[in-house]
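Participant: Just one file: my_file-v1.pdb, with PDB, C-alpha atoms, pLDDT in the B column.
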```
ATOM      1  CA  LYS A  38     -27.892 -58.862 182.367  1.00 80.00           C
ATOM      2  CA  ASN A  39     -25.752 -57.084 179.780  1.00 83.00           C
ATOM      3  CA  GLN A  40     -22.970 -55.174 181.535  1.00 91.00           C
ATOM      4  CA  VAL A  41     -19.661 -53.528 180.712  1.00 95.00           C
ATOM      5  CA  GLU A  42     -17.125 -53.034 183.485  1.00 96.00           C
ATOM      6  CA  GLN A  43     -13.987 -50.938 183.082  1.00 97.00           C
ATOM      7  CA  SER A  44     -10.867 -50.751 185.214  1.00 97.00           C
ATOM      8  CA  PRO A  45      -9.207 -48.881 186.650  1.00 97.00           C
ATOM      9  CA  GLN A  46     -11.665 -46.089 187.364  1.00 95.00           C
ATOM     10  CA  SER A  47      -8.834 -43.574 187.055  1.00 96.00           C
ATOM     11  CA  LEU A  48      -5.142 -43.706 186.251  1.00 97.00           C
ATOM     12  CA  ILE A  49      -2.261 -41.270 186.524  1.00 98.00           C
ATOM     13  CA  ILE A  50       0.968 -41.825 184.569  1.00 97.00           C
ATOM     14  CA  LEU A  51       3.953 -39.776 183.482  1.00 97.00           C
ATOM     15  CA  GLU A  52       4.281 -38.499 179.958  1.00 97.00           C
ATOM     16  CA  GLY A  53       6.106 -40.964 177.738  1.00 97.00           C
ATOM     17  CA  LYS A  54       5.032 -44.035 179.701  1.00 97.00           C
ATOM     18  CA  ASN A  55       2.762 -46.800 178.422  1.00 98.00           C
ATOM     19  CA  CYS A  56      -0.507 -47.876 179.988  1.00 98.00           C
ATOM     20  CA  THR A  57      -3.271 -50.449 179.540  1.00 98.00           C
ATOM     21  CA  LEU A  58      -6.955 -50.003 180.244  1.00 98.00           C
ATOM     22  CA  GLN A  59      -9.253 -52.981 180.800  1.00 98.00           C
ATOM     23  CA  CYS A  60     -12.822 -53.759 179.775  1.00 98.00           C
ATOM     24  CA  ASN A  61     -14.790 -56.854 180.832  1.00 98.00           C
ATOM     25  CA  TYR A  62     -18.247 -57.491 179.477  1.00 96.00           C
ATOM     26  CA  THR A  63     -21.152 -59.861 179.948  1.00 94.00           C
ATOM     27  CA  VAL A  64     -22.953 -58.994 176.744  1.00 88.00           C
ATOM     28  CA  SER A  65     -24.640 -61.670 174.701  1.00 87.00           C
ATOM     29  CA  PRO A  66     -24.969 -62.271 171.846  1.00 88.00           C
ATOM     30  CA  PHE A  67     -21.890 -60.195 171.090  1.00 88.00           C
ATOM     31  CA  SER A  68     -21.897 -57.975 168.016  1.00 85.00           C
ATOM     32  CA  ASN A  69     -18.949 -55.603 168.326  1.00 88.00           C
ATOM     33  CA  LEU A  70     -16.799 -53.673 170.785  1.00 92.00           C
ATOM     34  CA  ARG A  71     -15.678 -50.082 170.456  1.00 93.00           C
ATOM     35  CA  TRP A  72     -13.304 -47.845 172.381  1.00 96.00           C
ATOM     36  CA  TYR A  73     -14.064 -44.139 172.516  1.00 96.00           C
ATOM     37  CA  LYS A  74     -11.947 -41.229 173.743  1.00 97.00           C
ATOM     38  CA  GLN A  75     -13.753 -38.357 175.433  1.00 96.00           C
ATOM     39  CA  ASP A  76     -11.860 -35.142 176.078  1.00 96.00           C
ATOM     40  CA  THR A  77     -13.140 -32.952 178.916  1.00 92.00           C
ATOM     41  CA  GLY A  78     -16.141 -30.931 177.740  1.00 90.00           C
ATOM     42  CA  ARG A  79     -16.397 -32.755 174.410  1.00 93.00           C
ATOM     43  CA  GLY A  80     -18.368 -35.651 172.971  1.00 95.00           C
ATOM     44  CA  PRO A  81     -16.835 -39.135 172.666  1.00 95.00           C
ATOM     45  CA  VAL A  82     -14.843 -39.921 169.536  1.00 94.00           C
ATOM     46  CA  SER A  83     -14.320 -43.437 168.223  1.00 92.00           C
ATOM     47  CA  LEU A  84     -10.801 -44.909 168.438  1.00 93.00           C
ATOM     48  CA  THR A  85     -11.322 -48.514 167.349  1.00 90.00           C
ATOM     49  CA  ILE A  86     -14.106 -50.931 166.464  1.00 88.00           C
ATOM     50  CA  MET A  87     -13.728 -54.718 166.620  1.00 89.00           C
ATOM     51  CA  THR A  88     -16.051 -57.518 165.635  1.00 85.00           C
ATOM     52  CA  PHE A  89     -16.027 -61.114 166.896  1.00 81.00           C
ATOM     53  CA  SER A  90     -13.354 -62.248 164.455  1.00 84.00           C
ATOM     54  CA  GLU A  91     -10.884 -59.445 165.180  1.00 86.00           C
ATOM     55  CA  ASN A  92      -8.277 -59.892 167.930  1.00 91.00           C
ATOM     56  CA  THR A  93      -6.464 -56.601 167.642  1.00 94.00           C
ATOM     57  CA  LYS A  94      -6.916 -53.186 166.075  1.00 93.00           C
ATOM     58  CA  SER A  95      -4.510 -50.257 166.046  1.00 94.00           C
ATOM     59  CA  ASN A  96      -5.031 -46.548 165.612  1.00 94.00           C
ATOM     60  CA  GLY A  97      -1.683 -44.785 165.853  1.00 96.00           C
ATOM     61  CA  ARG A  98      -0.383 -45.169 169.416  1.00 97.00           C
ATOM     62  CA  TYR A  99      -3.636 -46.852 170.489  1.00 97.00           C
ATOM     63  CA  THR A 100      -3.937 -50.653 170.231  1.00 97.00           C
ATOM     64  CA  ALA A 101      -7.091 -52.483 171.250  1.00 97.00           C
ATOM     65  CA  THR A 102      -7.267 -56.227 171.807  1.00 97.00           C
ATOM     66  CA  LEU A 103     -10.282 -58.469 172.103  1.00 96.00           C
ATOM     67  CA  ASP A 104     -10.598 -61.947 173.631  1.00 94.00           C
ATOM     68  CA  ALA A 105     -14.128 -63.060 172.804  1.00 90.00           C
ATOM     69  CA  ASP A 106     -13.711 -66.296 174.784  1.00 91.00           C
ATOM     70  CA  THR A 107     -12.972 -64.565 178.096  1.00 94.00           C
ATOM     71  CA  LYS A 108     -15.068 -61.511 177.134  1.00 95.00           C
ATOM     72  CA  GLN A 109     -12.234 -59.116 177.805  1.00 97.00           C
ATOM     73  CA  SER A 110     -10.770 -56.201 175.892  1.00 97.00           C
ATOM     74  CA  SER A 111      -7.848 -53.916 176.576  1.00 98.00           C
ATOM     75  CA  LEU A 112      -6.702 -50.582 175.211  1.00 98.00           C
ATOM     76  CA  HIS A 113      -2.951 -50.072 175.225  1.00 98.00           C
ATOM     77  CA  ILE A 114      -1.517 -46.577 174.855  1.00 98.00           C
ATOM     78  CA  THR A 115       2.124 -46.358 173.830  1.00 98.00           C
ATOM     79  CA  ALA A 116       4.445 -43.452 174.636  1.00 98.00           C
ATOM     80  CA  SER A 117       1.712 -41.374 176.244  1.00 97.00           C
ATOM     81  CA  GLN A 118       1.350 -37.669 175.476  1.00 97.00           C
ATOM     82  CA  LEU A 119      -0.311 -34.886 177.429  1.00 97.00           C
ATOM     83  CA  SER A 120      -3.106 -34.887 174.859  1.00 97.00           C
ATOM     84  CA  ASP A 121      -3.989 -38.451 175.875  1.00 98.00           C
ATOM     85  CA  SER A 122      -5.475 -37.078 179.108  1.00 98.00           C
ATOM     86  CA  ALA A 123      -9.153 -37.975 178.703  1.00 97.00           C
ATOM     87  CA  SER A 124     -11.810 -40.525 179.593  1.00 97.00           C
ATOM     88  CA  TYR A 125     -11.756 -43.776 177.651  1.00 98.00           C
ATOM     89  CA  ILE A 126     -15.074 -45.521 177.236  1.00 97.00           C
ATOM     90  CA  CYS A 127     -15.614 -49.169 176.285  1.00 97.00           C
ATOM     91  CA  VAL A 128     -18.869 -49.778 174.404  1.00 93.00           C
ATOM     92  CA  VAL A 129     -20.241 -53.220 173.571  1.00 92.00           C
ATOM     93  CA  SER A 130     -23.108 -53.962 171.192  1.00 88.00           C
ATOM     94  CA  ALA A 131     -25.466 -56.883 171.707  1.00 85.00           C
ATOM     95  CA  ARG A 132     -26.871 -58.354 168.538  1.00 79.00           C
ATOM     96  CA  SER A 133     -30.652 -58.550 168.222  1.00 74.00           C
ATOM     97  CA  ASN A 134     -33.166 -59.390 165.510  1.00 72.00           C
ATOM     98  CA  ARG A 135     -33.589 -55.815 164.443  1.00 69.00           C
ATOM     99  CA  ASP A 136     -31.163 -53.340 166.037  1.00 71.00           C
ATOM    100  CA  ASP A 137     -28.098 -53.891 168.169  1.00 75.00           C
ATOM    101  CA  LYS A 138     -28.395 -52.816 171.792  1.00 82.00           C
ATOM    102  CA  ILE A 139     -25.488 -50.580 172.799  1.00 87.00           C
ATOM    103  CA  ILE A 140     -24.074 -50.849 176.345  1.00 90.00           C
ATOM    104  CA  PHE A 141     -21.620 -48.250 177.663  1.00 93.00           C
ATOM    105  CA  GLY A 142     -18.982 -48.719 180.323  1.00 95.00           C
ATOM    106  CA  LYS A 143     -18.491 -45.931 182.856  1.00 95.00           C
ATOM    107  CA  GLY A 144     -15.072 -45.106 181.498  1.00 96.00           C
ATOM    108  CA  THR A 145     -11.501 -44.826 182.764  1.00 97.00           C
ATOM    109  CA  ARG A 146     -10.210 -41.325 183.424  1.00 96.00           C
ATOM    110  CA  LEU A 147      -6.558 -41.063 182.380  1.00 98.00           C
ATOM    111  CA  HIS A 148      -4.313 -38.228 183.549  1.00 97.00           C
ATOM    112  CA  ILE A 149      -0.908 -37.720 181.922  1.00 97.00           C
ATOM    113  CA  LEU A 150       1.559 -35.726 184.013  1.00 97.00           C
ATOM    114  CA  PRO A 151       4.468 -33.829 182.405  1.00 96.00           C
TER     115      PRO A 151
ATOM    116  CA  ASN B 122     -19.241 -31.588 156.933  1.00 67.00           C
ATOM    117  CA  ALA B 123     -20.207 -30.250 160.341  1.00 78.00           C
ATOM    118  CA  GLY B 124     -20.962 -33.755 161.647  1.00 93.00           C
ATOM    119  CA  VAL B 125     -23.312 -33.626 164.637  1.00 96.00           C
ATOM    120  CA  THR B 126     -24.182 -30.234 166.083  1.00 97.00           C
ATOM    121  CA  GLN B 127     -26.187 -29.391 169.204  1.00 97.00           C
ATOM    122  CA  THR B 128     -27.850 -26.203 170.357  1.00 97.00           C
ATOM    123  CA  PRO B 129     -27.670 -24.653 172.835  1.00 96.00           C
ATOM    124  CA  LYS B 130     -24.282 -25.413 174.420  1.00 95.00           C
ATOM    125  CA  PHE B 131     -25.320 -24.263 177.890  1.00 96.00           C
ATOM    126  CA  ARG B 132     -28.670 -23.547 179.544  1.00 96.00           C
ATOM    127  CA  VAL B 133     -29.924 -22.786 183.033  1.00 97.00           C
ATOM    128  CA  LEU B 134     -33.586 -23.471 183.772  1.00 96.00           C
ATOM    129  CA  LYS B 135     -35.788 -22.975 186.781  1.00 97.00           C
ATOM    130  CA  THR B 136     -37.798 -25.944 188.058  1.00 97.00           C
ATOM    131  CA  GLY B 137     -40.975 -26.326 186.030  1.00 97.00           C
ATOM    132  CA  GLN B 138     -39.726 -24.488 182.940  1.00 97.00           C
ATOM    133  CA  SER B 139     -39.659 -26.183 179.554  1.00 96.00           C
ATOM    134  CA  MET B 140     -37.088 -26.238 176.799  1.00 95.00           C
ATOM    135  CA  THR B 141     -36.076 -28.045 173.620  1.00 97.00           C
ATOM    136  CA  LEU B 142     -32.612 -29.238 172.700  1.00 97.00           C
ATOM    137  CA  LEU B 143     -31.850 -29.448 169.002  1.00 97.00           C
ATOM    138  CA  CYS B 144     -29.566 -31.973 167.351  1.00 98.00           C
ATOM    139  CA  ALA B 145     -28.644 -31.845 163.671  1.00 98.00           C
ATOM    140  CA  GLN B 146     -26.500 -34.173 161.564  1.00 97.00           C
ATOM    141  CA  ASP B 147     -25.348 -33.832 157.970  1.00 95.00           C
ATOM    142  CA  MET B 148     -24.143 -37.402 157.392  1.00 91.00           C
ATOM    143  CA  ASN B 149     -27.499 -38.789 156.184  1.00 91.00           C
ATOM    144  CA  HIS B 150     -27.549 -41.220 159.121  1.00 91.00           C
ATOM    145  CA  GLU B 151     -30.717 -43.200 159.772  1.00 90.00           C
ATOM    146  CA  TYR B 152     -30.195 -43.564 163.513  1.00 92.00           C
ATOM    147  CA  MET B 153     -30.113 -40.766 166.076  1.00 94.00           C
ATOM    148  CA  TYR B 154     -29.831 -40.937 169.855  1.00 95.00           C
ATOM    149  CA  TRP B 155     -30.113 -38.755 172.930  1.00 97.00           C
ATOM    150  CA  TYR B 156     -27.952 -39.596 175.963  1.00 97.00           C
ATOM    151  CA  ARG B 157     -27.385 -38.008 179.323  1.00 97.00           C
ATOM    152  CA  GLN B 158     -24.044 -38.211 181.122  1.00 96.00           C
ATOM    153  CA  ASP B 159     -23.773 -37.816 184.870  1.00 94.00           C
ATOM    154  CA  PRO B 160     -20.662 -38.149 187.047  1.00 86.00           C
ATOM    155  CA  GLY B 161     -19.912 -41.798 187.801  1.00 81.00           C
ATOM    156  CA  MET B 162     -22.850 -43.032 185.717  1.00 83.00           C
ATOM    157  CA  GLY B 163     -21.544 -43.209 182.191  1.00 84.00           C
ATOM    158  CA  LEU B 164     -23.738 -42.454 179.196  1.00 92.00           C
ATOM    159  CA  ARG B 165     -27.404 -43.472 179.512  1.00 93.00           C
ATOM    160  CA  LEU B 166     -29.788 -43.650 176.576  1.00 93.00           C
ATOM    161  CA  ILE B 167     -32.887 -41.454 176.876  1.00 96.00           C
ATOM    162  CA  HIS B 168     -34.627 -41.926 173.503  1.00 96.00           C
ATOM    163  CA  TYR B 169     -33.555 -42.934 170.059  1.00 94.00           C
ATOM    164  CA  SER B 170     -34.871 -42.903 166.507  1.00 94.00           C
ATOM    165  CA  VAL B 171     -34.373 -45.406 163.718  1.00 89.00           C
ATOM    166  CA  GLY B 172     -35.679 -43.103 161.015  1.00 91.00           C
ATOM    167  CA  GLU B 173     -37.734 -40.059 160.160  1.00 93.00           C
ATOM    168  CA  GLY B 174     -41.036 -40.070 161.992  1.00 92.00           C
ATOM    169  CA  THR B 175     -40.128 -42.896 164.393  1.00 93.00           C
ATOM    170  CA  THR B 176     -38.893 -42.727 167.984  1.00 95.00           C
ATOM    171  CA  ALA B 177     -38.405 -45.219 170.800  1.00 92.00           C
ATOM    172  CA  LYS B 178     -37.698 -45.150 174.522  1.00 92.00           C
ATOM    173  CA  GLY B 179     -34.268 -45.859 175.891  1.00 91.00           C
ATOM    174  CA  GLU B 180     -33.063 -46.629 179.393  1.00 89.00           C
ATOM    175  CA  VAL B 181     -34.153 -43.384 181.141  1.00 94.00           C
ATOM    176  CA  PRO B 182     -37.044 -41.833 179.121  1.00 95.00           C
ATOM    177  CA  ASP B 183     -39.192 -40.394 181.928  1.00 96.00           C
ATOM    178  CA  GLY B 184     -39.565 -36.610 181.850  1.00 96.00           C
ATOM    179  CA  TYR B 185     -38.403 -36.309 178.236  1.00 97.00           C
ATOM    180  CA  ASN B 186     -40.084 -36.315 174.840  1.00 96.00           C
ATOM    181  CA  VAL B 187     -38.539 -36.445 171.377  1.00 97.00           C
ATOM    182  CA  SER B 188     -39.480 -35.832 167.789  1.00 97.00           C
ATOM    183  CA  ARG B 189     -37.846 -36.679 164.452  1.00 97.00           C
ATOM    184  CA  LEU B 190     -39.799 -34.749 161.837  1.00 94.00           C
ATOM    185  CA  LYS B 191     -36.819 -34.540 159.485  1.00 95.00           C
ATOM    186  CA  LYS B 192     -34.103 -37.143 158.976  1.00 95.00           C
ATOM    187  CA  GLN B 193     -31.345 -34.714 159.862  1.00 97.00           C
ATOM    188  CA  ASN B 194     -32.898 -33.349 163.066  1.00 97.00           C
ATOM    189  CA  PHE B 195     -33.704 -34.930 166.432  1.00 98.00           C
ATOM    190  CA  LEU B 196     -35.306 -32.798 169.134  1.00 98.00           C
ATOM    191  CA  LEU B 197     -35.297 -33.503 172.865  1.00 98.00           C
ATOM    192  CA  GLY B 198     -37.924 -31.762 174.960  1.00 97.00           C
ATOM    193  CA  LEU B 199     -38.270 -31.225 178.681  1.00 96.00           C
ATOM    194  CA  GLU B 200     -41.853 -30.237 179.455  1.00 92.00           C
ATOM    195  CA  SER B 201     -41.379 -29.460 183.167  1.00 96.00           C
ATOM    196  CA  ALA B 202     -37.729 -29.416 184.173  1.00 96.00           C
ATOM    197  CA  ALA B 203     -36.640 -30.911 187.502  1.00 97.00           C
ATOM    198  CA  PRO B 204     -33.300 -30.600 189.340  1.00 96.00           C
ATOM    199  CA  SER B 205     -32.720 -34.324 188.673  1.00 96.00           C
ATOM    200  CA  GLN B 206     -32.459 -33.455 184.983  1.00 97.00           C
ATOM    201  CA  THR B 207     -29.314 -31.414 185.594  1.00 97.00           C
ATOM    202  CA  SER B 208     -26.832 -33.183 183.360  1.00 97.00           C
ATOM    203  CA  VAL B 209     -24.790 -33.048 180.179  1.00 97.00           C
ATOM    204  CA  TYR B 210     -26.829 -34.159 177.170  1.00 98.00           C
ATOM    205  CA  PHE B 211     -25.221 -35.721 174.120  1.00 98.00           C
ATOM    206  CA  CYS B 212     -26.759 -36.401 170.768  1.00 98.00           C
ATOM    207  CA  ALA B 213     -25.309 -39.065 168.481  1.00 96.00           C
ATOM    208  CA  SER B 214     -26.016 -40.469 165.050  1.00 94.00           C
ATOM    209  CA  SER B 215     -25.048 -43.599 163.190  1.00 90.00           C
ATOM    210  CA  SER B 216     -25.844 -45.520 160.080  1.00 84.00           C
ATOM    211  CA  ARG B 217     -27.839 -48.708 160.535  1.00 73.00           C
ATOM    212  CA  THR B 218     -26.561 -50.998 163.277  1.00 59.00           C
ATOM    213  CA  SER B 219     -27.196 -54.677 162.772  1.00 54.00           C
ATOM    214  CA  GLY B 220     -25.592 -58.073 162.908  1.00 49.00           C
ATOM    215  CA  ARG B 221     -21.829 -58.445 162.675  1.00 46.00           C
ATOM    216  CA  THR B 222     -21.293 -55.166 160.858  1.00 49.00           C
ATOM    217  CA  SER B 223     -19.737 -52.406 162.883  1.00 57.00           C
ATOM    218  CA  TYR B 224     -21.187 -48.894 162.616  1.00 69.00           C
ATOM    219  CA  GLU B 225     -19.829 -46.264 164.918  1.00 80.00           C
ATOM    220  CA  GLN B 226     -21.746 -43.501 166.604  1.00 89.00           C
ATOM    221  CA  TYR B 227     -20.792 -39.888 165.992  1.00 92.00           C
ATOM    222  CA  PHE B 228     -21.405 -37.632 168.969  1.00 96.00           C
ATOM    223  CA  GLY B 229     -22.195 -33.959 169.210  1.00 97.00           C
ATOM    224  CA  PRO B 230     -20.306 -31.606 171.564  1.00 96.00           C
ATOM    225  CA  GLY B 231     -22.944 -31.783 174.297  1.00 96.00           C
ATOM    226  CA  THR B 232     -25.351 -29.427 176.055  1.00 97.00           C
ATOM    227  CA  ARG B 233     -24.732 -28.636 179.699  1.00 96.00           C
ATOM    228  CA  LEU B 234     -28.105 -28.128 181.420  1.00 97.00           C
ATOM    229  CA  THR B 235     -28.576 -26.909 184.975  1.00 97.00           C
ATOM    230  CA  VAL B 236     -32.007 -26.919 186.612  1.00 97.00           C
ATOM    231  CA  THR B 237     -32.285 -24.834 189.783  1.00 96.00           C
TER     232      THR B 237
END
```
Just give me the structure of the file as structure tokens.

Facilitator:
Amino acid sequence: KNQVEQSPQSLIILEGKNCTLQCNYTVSPFSNLRWYKQDTGRGPVSLTIMTFSENTKSNGRYTATLDADTKQSSLHITASQLSDSASYICVVSARSNRDDKIIFGKGTRLHILP
Amino acid sequence: NAGVTQTPKFRVLKTGQSMTLLCAQDMNHEYMYWYRQDPGMGLRLIHYSVGEGTTAKGEVPDGYNVSRLKKQNFLLGLESAAPSQTSVYFCASSSRTSGRTSYEQYFGPGTRLTVT
């Protein structure tokens, strides 16, 4: 069964600190993995997209890594800011003959304290 | 570009009432999706469309109908609302998803629906 598991469920850190969010998946055949940021009351917005051949992708202070062998991804946030408070959703696509099937994780809720 | 827009933003319905949620996108995307998001559940796919005039069921289609008469619009209908349909509904669009190519989904701002 295709599944995406994220940890931790929630995380609280102080402003300026770094943090890492985890995503484990059992999706096959793998097509791509995306990290989204969802602010409270808003729709998700894409941060990074990685295919099988990509190990790391950066978007400003956000760096995503992918290990296709262990089926794990992480999202590292450097020098956190109050505006980083949001839910972060890992999304994995399973390749199919016609259209990829998209599987969402339940997200990690990150709180940045001043 | 407005991206993906949804109307209305909020709605309260009584059990048994009907309503239609409208999603519009101006990016000429082929694919459009309707999701619901409930606490602790993550996003779940209700219906999706791969092009004008075509729709398909997602993970949780019961109690909902959809139509895609125009490429830029995707409508989600509730014929007889139930309290279990209280949720936040998100529309998304993307260009064609296939193979090793990565196409991201663009989400609307959401519609918060309460059924009493």

Participant: Have a look at A:Ile114, A:Leu119, A:Gly80, A:Gln109 and name the one nearest to chain B; count all atoms listed in the file.

Facilitator: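 For chain B, the nearest of the candidates is A:Gly80.
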
Participant: Name the residues in contact with Gln118 (chain A) at a cut-off of 9 Å, using all atoms listed in the file, excluding same-chain residues fewer than 5 positions from it; report them as a list in words.

Facilitator: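 That gives Leu51, Glu52, Gly53, Lys54, Ile149, Leu150 and Pro151 of chain A.
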
Participant: Keeping only C-alpha atoms, take the residues you just selected and write them out as a short mmCIF file (atom, residue, chain, number, x, y, z; two decimals), in the coordinates of the input.

Facilitator:
```
data_model
loop_
_atom_site.label_atom_id
_atom_site.label_comp_id
_atom_site.auth_asym_id
_atom_site.auth_seq_id
_atom_site.Cartn_x
_atom_site.Cartn_y
_atom_site.Cartn_z
CA LEU A 51 3.95 -39.78 183.48
CA GLU A 52 4.28 -38.50 179.96
CA GLY A 53 6.11 -40.96 177.74
CA LYS A 54 5.03 -44.04 179.70
CA ILE A 149 -0.91 -37.72 181.92
CA LEU A 150 1.56 -35.73 184.01
CA PRO A 151 4.47 -33.83 182.40
#
```

Participant: Nearest to Gln226 (chain B) among A:Ser133, A:Ser90, A:Leu112, A:Leu84, with distances taken over only C-alpha atoms: which residue is it?

Facilitator: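 Looking at the shortest contact to Gln226 (chain B), the residue is A:Leu84.
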
Participant: For chain A versus chain B, which residues have an atom no more than 6 Å away, and what is each residue's nearest atom pair and distance in Å rounded to one decimal, using only C-alpha atoms, chain-then-number order, as a tab-separated table?

Facilitator:
```
residue	atom	partner	partner_atom	distance
A:Ser68	CA	B:Arg221	CA	5.4
A:Arg79	CA	B:Pro230	CA	5.0
A:Gly80	CA	B:Pro230	CA	4.7
A:Arg132	CA	B:Gly220	CA	5.8
A:Asp136	CA	B:Ser219	CA	5.3
A:Asp137	CA	B:Ser219	CA	5.5
A:Lys143	CA	B:Gly163	CA	4.1
```

Participant: Please list, as a list in words, the residues that have an atom at most 9 Å away from (-6.1, -38.4, 176.1) in the coordinates of this file, counting all atoms listed in the file.

Facilitator: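 Every polymer residue passing the test: Lys74, Gln75, Asp76, Ser117, Gln118, Leu119, Ser120, Asp121, Ser122, Ala123, Ser124, Tyr125, Arg146, Leu147, His148 and Ile149 of chain A.
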
Participant: Name all residues at most 10 Å from Glu180 (chain B) (count only C-alpha atoms; drop same-chain ones fewer than 2 positions away) and give them as a ChimeraX atom specification.

Facilitator: /B:156,165-168,178,182-183

Participant: So that I can check the surroundings of region 191-199 of chain B, please list as a VMD selection string every protein, DNA and RNA residue that reaches within 8 Å of it, counting only C-alpha atoms and ignoring chain neighbours fewer than 6 positions away.

Facilitator: chain B and resid 139 to 147 149 to 151 153 to 155 172 to 174 184 to 185

Participant: One number please: CA of Asn134 (chain A) to CA of Cys60 (chain A), in Å, one decimal.

Facilitator: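 CA of Asn134 (chain A) sits 25.5 Å away from CA of Cys60 (chain A).
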
Participant: Once the PyMOL selection byres ((chain A and resi 59) around 10) has been applied to the shown file, what residues remain in the selection, as an NGL selection string?

Facilitator: :A and (42-46 or 57-58 or 60-61 or 101-102 or 109-113 or 127 or 144-145)

Participant: Pull out every residue that the PyMOL selection byres ((chain B and resi 135) around 6) matches in the shown coordinates and put them as a list in words.

Facilitator: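 Evaluating the PyMOL selection byres ((chain B and resi 135) around 6) on these coordinates yields Leu134, Thr136, Gln138, Val236 and Thr237 of chain B.
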
Participant: With distances taken over all atoms listed in the file, which of A:Tyr62, A:Ala105, A:Phe141, A:Val128 is nearest to Thr85 (chain A)?

Facilitator: A:Val128

Participant: When distances are computed from all atoms listed in the file, which of A:Ile139, A:Val64, A:Val129, A:Leu70 shows the smallest separation from Thr93 (chain A)?

Facilitator: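 Checking each of A:Ile139, A:Val64, A:Val129, A:Leu70 against Thr93 (chain A), counting all atoms listed in the file, the winner is A:Leu70.
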
Participant: If you measure from CA of Ser170 (chain B) to CA of Lys38 (chain A), what distance in Å do you get, rounded to one decimal?

Facilitator: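 According to the coordinates, CA of Ser170 (chain B) and CA of Lys38 (chain A) are separated by 23.6 Å.
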
Participant: Could you tell me how far CA of Phe131 (chain B) lies from CA of Tyr152 (chain B), in Å and to one decimal?

Facilitator: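 Between CA of Phe131 (chain B) and CA of Tyr152 (chain B) the gap is 24.6 Å.
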
Participant: So, counting only C-alpha atoms, which residue among A:Ile86, A:Ala116, A:Gln40, A:Asn69 is closest to Ser130 (chain A)?

Facilitator: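 Once distances to Ser130 (chain A) are computed over only C-alpha atoms, the minimum belongs to A:Asn69.
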
Participant: N, CA, C and O atoms are what I want for region 185-196 of chain B; can you complete it accordingly and write them as a PDB file, keeping the file's coordinate frame?

Facilitator:
```pdb
ATOM      1  N   TYR B 185     -38.906 -36.798 179.522  1.00 97.00           N
ATOM      2  CA  TYR B 185     -38.403 -36.309 178.236  1.00 97.00           C
ATOM      3  C   TYR B 185     -39.333 -36.745 177.102  1.00 97.00           C
ATOM      4  O   TYR B 185     -39.949 -37.800 177.179  1.00 97.00           O
ATOM      5  N   ASN B 186     -39.411 -35.905 176.059  1.00 96.00           N
ATOM      6  CA  ASN B 186     -40.084 -36.315 174.840  1.00 96.00           C
ATOM      7  C   ASN B 186     -39.187 -35.968 173.666  1.00 96.00           C
ATOM      8  O   ASN B 186     -38.298 -35.113 173.782  1.00 96.00           O
ATOM      9  N   VAL B 187     -39.383 -36.652 172.557  1.00 97.00           N
ATOM     10  CA  VAL B 187     -38.539 -36.445 171.377  1.00 97.00           C
ATOM     11  C   VAL B 187     -39.394 -36.398 170.127  1.00 97.00           C
ATOM     12  O   VAL B 187     -40.533 -36.873 170.111  1.00 97.00           O
ATOM     13  N   SER B 188     -38.821 -35.814 169.092  1.00 97.00           N
ATOM     14  CA  SER B 188     -39.480 -35.832 167.789  1.00 97.00           C
ATOM     15  C   SER B 188     -38.417 -35.869 166.702  1.00 97.00           C
ATOM     16  O   SER B 188     -37.359 -35.266 166.839  1.00 97.00           O
ATOM     17  N   ARG B 189     -38.746 -36.553 165.609  1.00 97.00           N
ATOM     18  CA  ARG B 189     -37.846 -36.679 164.452  1.00 97.00           C
ATOM     19  C   ARG B 189     -38.685 -36.417 163.202  1.00 97.00           C
ATOM     20  O   ARG B 189     -39.053 -37.318 162.466  1.00 97.00           O
ATOM     21  N   LEU B 190     -38.978 -35.141 162.981  1.00 94.00           N
ATOM     22  CA  LEU B 190     -39.799 -34.749 161.837  1.00 94.00           C
ATOM     23  C   LEU B 190     -38.997 -34.766 160.546  1.00 94.00           C
ATOM     24  O   LEU B 190     -39.539 -34.987 159.460  1.00 94.00           O
ATOM     25  N   LYS B 191     -37.703 -34.496 160.636  1.00 95.00           N
ATOM     26  CA  LYS B 191     -36.819 -34.540 159.485  1.00 95.00           C
ATOM     27  C   LYS B 191     -35.669 -35.492 159.786  1.00 95.00           C
ATOM     28  O   LYS B 191     -35.240 -35.616 160.944  1.00 95.00           O
ATOM     29  N   LYS B 192     -35.157 -36.155 158.781  1.00 95.00           N
ATOM     30  CA  LYS B 192     -34.103 -37.143 158.976  1.00 95.00           C
ATOM     31  C   LYS B 192     -32.881 -36.551 159.660  1.00 95.00           C
ATOM     32  O   LYS B 192     -32.226 -37.203 160.469  1.00 95.00           O
ATOM     33  N   GLN B 193     -32.575 -35.298 159.350  1.00 97.00           N
ATOM     34  CA  GLN B 193     -31.345 -34.714 159.862  1.00 97.00           C
ATOM     35  C   GLN B 193     -31.480 -34.113 161.255  1.00 97.00           C
ATOM     36  O   GLN B 193     -30.468 -33.728 161.846  1.00 97.00           O
ATOM     37  N   ASN B 194     -32.712 -34.010 161.776  1.00 97.00           N
ATOM     38  CA  ASN B 194     -32.898 -33.349 163.066  1.00 97.00           C
ATOM     39  C   ASN B 194     -33.547 -34.282 164.083  1.00 97.00           C
ATOM     40  O   ASN B 194     -34.444 -35.073 163.750  1.00 97.00           O
ATOM     41  N   PHE B 195     -33.127 -34.140 165.338  1.00 98.00           N
ATOM     42  CA  PHE B 195     -33.704 -34.930 166.432  1.00 98.00           C
ATOM     43  C   PHE B 195     -33.825 -33.997 167.626  1.00 98.00           C
ATOM     44  O   PHE B 195     -32.826 -33.461 168.096  1.00 98.00           O
ATOM     45  N   LEU B 196     -35.050 -33.752 168.076  1.00 98.00           N
ATOM     46  CA  LEU B 196     -35.306 -32.798 169.134  1.00 98.00           C
ATOM     47  C   LEU B 196     -35.601 -33.520 170.447  1.00 98.00           C
ATOM     48  O   LEU B 196     -36.337 -34.516 170.476  1.00 98.00           O
TER      49      LEU B 196
END
```
